[in-house]
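Below is one structure, written out as structure tokens, with a few remarks after it.
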There are 2 protein chains.
Amino acid sequence: MKLNVKPSLVVSIPKRSYPIFVGVDIFENVDYSQFFIGNKALIVTDDHIAPILLDRVTKTLSKFADVDFLILKSGETSKNMETLSRIHSKLIENNFDRSSTLIALGGGVIGDITGFAAATYQRGINYIQLPTTLLAQVDSSVGGKTGVNHPLGKNMIGAFHQPLAVVIDISFLSTLSDRQYCSGVAEVIKYGLIKDKDFYSWLIENIKMLKCRDHSALITAVEASIQIKAAVVAADEREENIRAILNFGHTFGHAIESFQRYEGFLHGEAISVGMILAMSASGLLGQTSDADLDLLTNALQQFELPVNVPKDMTKEIFLDYMDRDKKVLDGNIRLILLKSIGHAYLESTETKPLLDKLFKTL
Amino acid sequence: MKLNVKPSLVVSIPKRSYPIFVGVDIFENVDYSQFFIGNKALIVTDDHIAPILLDRVTKTLSKFADVDFLILKSGETSKNMETLSRIHSKLIENNFDRSSTLIALGGGVIGDITGFAAATYQRGINYIQLPTTLLAQVDSSVGGKTGVNHPLGKNMIGAFHQPLAVVIDISFLSTLSDRQYCSGVAEVIKYGLIKDKDFYSWLIENIKMLKCRDHSALITAVEASIQIKAAVVAADEREENIRAILNFGHTFGHAIESFQRYEGFLHGEAISVGMILAMSASGLLGQTSDADLDLLTNALQQFELPVNVPKDMTKEIFLDYMDRDKKVLDGNIRLILLKSIGHAYLESTETKPLLDKLFKTL
């Protein structure tokens, strides 16, 4: 068997770059020897993914390293300091050293916590992302944001730590329910909105193909998404300015997720509503049209994504949660709006007057 | 009052550099406005330092920011994930954002944990080092190594995160007992041994002045030490090669500290014995002379530093602890030895044969 899969693209960050492989059933055909310095690797995964993919992944990686695994409880509740410490314990107990490699096999939670474990074990070891959800494939697996939640705030604790490689095997998406899959589509739509009008048009035209998870359409959608993400990350790894545009819809979305204590909408569902709000705010400034908003609303609804603010969530509640957001800098909220479809920018504004106007349109 | 203290040197690392101020009673005369982006700062200190220096430091920094503080229990036992989480809680509860600054006021433990809290809060915020021990002033405050201990291993969890500035006020050393002070001198001597023969000779000639904590001699010693440290860190921030020479004596020293469960020797005392062992190993290779070893032994003893391996610590115990060291890479230990006084290098060797020979000479 030839190990001849070529990267779809390369993320270039200061001092180093890393490849992203995208394809269907490519996992077995990547030459991993280039990514292992030492001979030890630990696969971190969860109890949803392990029964489906752990054997497959272990079998392949065992050709390149001495592979061990750790299975976490699936879900956001695992993303905390205690689980982080469990990963570190496993590494220390098994004499993992600086040349060892972590493998994140799972969705965003597994990727974030495994990346943070790698960022903080012996001041930083290598890790590889094997994202299994659409959300992780197009978003969290690329760009090096890692972290855990703090009892007082989500994603409050973390570090920037880029992976050594990202292998995006579209076939892994078979592990997803339709609801989780559509949640990921929200982030794909986001990329078109913020950076690429043509891609956005292509998405609108290919809703049916994407809804039935057509592999060819998915490769196009995933590659286009991470190309945008990689370019933005390369320009601004530490989110000092332009990288913030990736948060389009997220400030509103995070407020909703926090309010629901992460037990209501899935992440992409909250982002779906958040994008509607962000585009409405752009509309208030005369930058996007009602037709733009209708088109987006319709597209999101075709993926059964919510487009309305939860009924019990008032303007005052939004204000309270938004002012706690990490994107608040010295009191002003930094909001991502659209100049037009495909062109996002950073608007620094006071939260209350904005919400006053916005809630009148709802 | 003019804020006109100039940095003694600047540490240049990729993408940024930071100043180090050294002097006596300089703390009040540094222009901190250049270091605060936002208007919030949190001083992290311990219950040994707080009664002596917290008022002084708060008074000055309050001119530049809205200053809060957190007082930890002094000592190595505070350097853990729980304390880290306490710092993060304080930051979240008080709405610290990405523009906020942490201030580490204390010795190595405070510097390491505060730096790590800064490295991991919202994926990295700024921090300033105000080291109060000689050990922290010449070693841990410069270079960006941050972290906490894991129940299964010291300094196993951490990150590289460079401070925004280091202010080394020699007057802060009055908080130290003689034993703690002399422990710091061991690291000063290390710098001469690894990199600067002339500085080493100067140290030998100025033992009496240093013993009585003469301010002028201390400024010379601290500046020379951190000049060496800064140059090494600038050449290799992530300890991929040359930075390892800063660990001269440390592999042996850490084994002793671990064996004693950090309740016997102070760090510098363990390093004192470690340097004797490392120089003995260099002697076995014909690189340093018996006279070199005698001179070092005598110098360390004048500072009441230990020069002998603890009686109950056998060769087998050393072997066991050394093989668990972070500096073990794929089974071989990476040991720092001396080619000659002022010239350290990295030797990769098997631990057991080395210890066999070394213990015959003791």
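A note on labels: chains of the structure tokens are A, B, ... as shown, every chain counts residues from 1, and ligands are counted from 1 in their shown order.
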**OP:** Would you kindly return, as a PyMOL selection string, each protein, DNA or RNA residue with an atom no farther than 9 Å from any atom of Leu362 (chain A), considering only C-alpha atoms and excluding same-chain residues fewer than 2 positions away?
**Re:** chain A and resi 308-309+358-360
Output the selection as a short mmCIF file (atom, residue, chain, number, x, y, z; two decimals), in the first residue's frame - C-alpha atoms for each residue.
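Writing the result to result.cif gives the following:
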```cif
data_model
loop_
_atom_site.label_atom_id
_atom_site.label_comp_id
_atom_site.auth_asym_id
_atom_site.auth_seq_id
_atom_site.Cartn_x
_atom_site.Cartn_y
_atom_site.Cartn_z
CA ASN A 308 -35.02 32.85 16.30
CA VAL A 309 -33.84 33.97 19.71
CA LEU A 358 -31.74 45.10 17.28
CA PHE A 359 -34.57 43.87 19.48
CA LYS A 360 -36.97 46.35 17.88
#
```
Original post:
When the cut-off is 9 Å and we count only C-alpha atoms, which residues of chain B are near chain A, given as a ChimeraX atom specification?
Top reply: /B:14-15,38-39,81,85,88-89,92-93,95,97-99,117,119-124,145-147,150-153,155-160,238,324-330
**OP:** DSSP on the backbone, then: every residue of region 146-205 of chain B marked helix (DSSP H, G or I), written as number ranges by chain.
**Re:** B: 170-175, 178-195, 197-205
Could the residues in this selection be saved with C-alpha atoms as an mmCIF file, in the first residue's frame?
```
data_model
loop_
_atom_site.group_PDB
_atom_site.id
_atom_site.type_symbol
_atom_site.label_atom_id
_atom_site.label_comp_id
_atom_site.auth_asym_id
_atom_site.auth_seq_id
_atom_site.Cartn_x
_atom_site.Cartn_y
_atom_site.Cartn_z
ATOM 1 C CA ILE B 170 17.943 44.113 44.882
ATOM 2 C CA SER B 171 16.347 45.695 47.947
ATOM 3 C CA PHE B 172 13.624 42.992 47.789
ATOM 4 C CA LEU B 173 16.275 40.451 48.808
ATOM 5 C CA SER B 174 16.064 41.694 52.398
ATOM 6 C CA THR B 175 13.043 39.356 52.666
ATOM 7 C CA ASP B 178 20.680 33.555 54.768
ATOM 8 C CA ARG B 179 19.968 29.976 53.784
ATOM 9 C CA GLN B 180 17.597 31.027 50.978
ATOM 10 C CA TYR B 181 20.037 33.693 49.848
ATOM 11 C CA CYS B 182 22.951 31.248 49.607
ATOM 12 C CA SER B 183 20.727 28.796 47.749
ATOM 13 C CA GLY B 184 20.374 31.512 45.092
ATOM 14 C CA VAL B 185 24.126 32.011 44.945
ATOM 15 C CA ALA B 186 24.464 28.408 43.693
ATOM 16 C CA GLU B 187 22.640 29.411 40.492
ATOM 17 C CA VAL B 188 24.837 32.496 40.119
ATOM 18 C CA ILE B 189 27.940 30.294 40.289
ATOM 19 C CA LYS B 190 26.354 28.015 37.694
ATOM 20 C CA TYR B 191 26.286 30.858 35.146
ATOM 21 C CA GLY B 192 30.006 31.417 35.493
ATOM 22 C CA LEU B 193 30.706 27.713 35.112
ATOM 23 C CA ILE B 194 28.611 27.173 31.994
ATOM 24 C CA LYS B 195 29.365 30.295 30.004
ATOM 25 C CA LYS B 197 35.177 31.972 32.926
ATOM 26 C CA ASP B 198 35.934 35.615 33.802
ATOM 27 C CA PHE B 199 32.668 35.984 35.689
ATOM 28 C CA TYR B 200 33.441 32.745 37.538
ATOM 29 C CA SER B 201 36.853 34.118 38.549
ATOM 30 C CA TRP B 202 35.215 37.363 39.657
ATOM 31 C CA LEU B 203 32.763 35.381 41.800
ATOM 32 C CA ILE B 204 35.579 33.421 43.462
ATOM 33 C CA GLU B 205 37.360 36.715 44.244
#
```
For the strand (DSSP E) assignment from backbone DSSP, which residues of region 119-233 of chain B qualify? Please present them as a PDB file with C-alpha atoms, in the first residue's frame.
```
ATOM      1  CA  ASN B 126       0.442  39.781  29.934  1.00  0.00           C
ATOM      2  CA  TYR B 127       2.384  39.464  33.153  1.00  0.00           C
ATOM      3  CA  ILE B 128       5.253  41.216  34.883  1.00  0.00           C
ATOM      4  CA  GLN B 129       7.817  39.522  37.102  1.00  0.00           C
ATOM      5  CA  LEU B 130       8.824  41.183  40.385  1.00  0.00           C
ATOM      6  CA  PRO B 131      11.145  38.494  41.770  1.00  0.00           C
ATOM      7  CA  LYS B 145       9.260  28.944  31.729  1.00  0.00           C
ATOM      8  CA  THR B 146       5.988  28.765  33.637  1.00  0.00           C
ATOM      9  CA  GLY B 147       4.082  25.912  35.201  1.00  0.00           C
ATOM     10  CA  VAL B 148       2.792  23.925  38.133  1.00  0.00           C
ATOM     11  CA  ASN B 149       3.515  20.537  39.633  1.00  0.00           C
ATOM     12  CA  HIS B 150       1.399  17.454  38.958  1.00  0.00           C
ATOM     13  CA  GLY B 153       5.768  14.876  38.877  1.00  0.00           C
ATOM     14  CA  LYS B 154       7.310  18.269  39.524  1.00  0.00           C
ATOM     15  CA  ASN B 155       7.073  20.944  36.802  1.00  0.00           C
ATOM     16  CA  MET B 156       5.374  18.430  34.524  1.00  0.00           C
ATOM     17  CA  ILE B 157       2.612  20.862  33.529  1.00  0.00           C
ATOM     18  CA  GLY B 158       3.472  24.231  32.056  1.00  0.00           C
ATOM     19  CA  ALA B 159       4.010  26.471  29.084  1.00  0.00           C
ATOM     20  CA  PHE B 160       6.516  28.877  27.626  1.00  0.00           C
ATOM     21  CA  ALA B 165       8.998  42.980  31.803  1.00  0.00           C
ATOM     22  CA  VAL B 166      11.115  41.857  34.739  1.00  0.00           C
ATOM     23  CA  VAL B 167      11.904  44.326  37.513  1.00  0.00           C
ATOM     24  CA  ILE B 168      14.709  43.072  39.725  1.00  0.00           C
ATOM     25  CA  ASP B 169      14.971  45.236  42.810  1.00  0.00           C
TER      26      ASP B 169
END
```
**OP:** Can you pull out every residue within 9 Å of Ile207 (chain B), counting only C-alpha atoms, but drop anything in the same chain fewer than 6 positions away, and send it as a VMD selection string?
**Re:** chain B and resid 299 302 to 303
Pull N, CA and C atoms from the residues just selected and write them as a PDB file, in the first residue's frame.
```
ATOM      1  N   ALA B 299      34.364  27.046  47.080  1.00  0.00           N
ATOM      2  CA  ALA B 299      33.484  28.214  46.909  1.00  0.00           C
ATOM      3  C   ALA B 299      32.085  27.918  47.434  1.00  0.00           C
ATOM      4  N   GLN B 302      31.916  27.857  51.164  1.00  0.00           N
ATOM      5  CA  GLN B 302      31.964  29.170  51.809  1.00  0.00           C
ATOM      6  C   GLN B 302      30.574  29.797  51.902  1.00  0.00           C
ATOM      7  N   PHE B 303      29.685  29.383  51.001  1.00  0.00           N
ATOM      8  CA  PHE B 303      28.293  29.843  51.086  1.00  0.00           C
ATOM      9  C   PHE B 303      27.424  28.849  51.866  1.00  0.00           C
TER      10      PHE B 303
END
```
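Taking CA of Glu347 (chain B) as the reference point, CA of Val138 (chain B) is found at 24.6 Å.
CA of Thr114 (chain A) sits 14.0 Å away from CA of Asp68 (chain A).
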**OP:** Using only C-alpha atoms, determine which residues lie at most 7 Å from Ser348 (chain A), disregarding the query and same-chain residues fewer than 6 positions distant; provide the list as a VMD selection string.
**Re:** chain A and resid 332 to 335
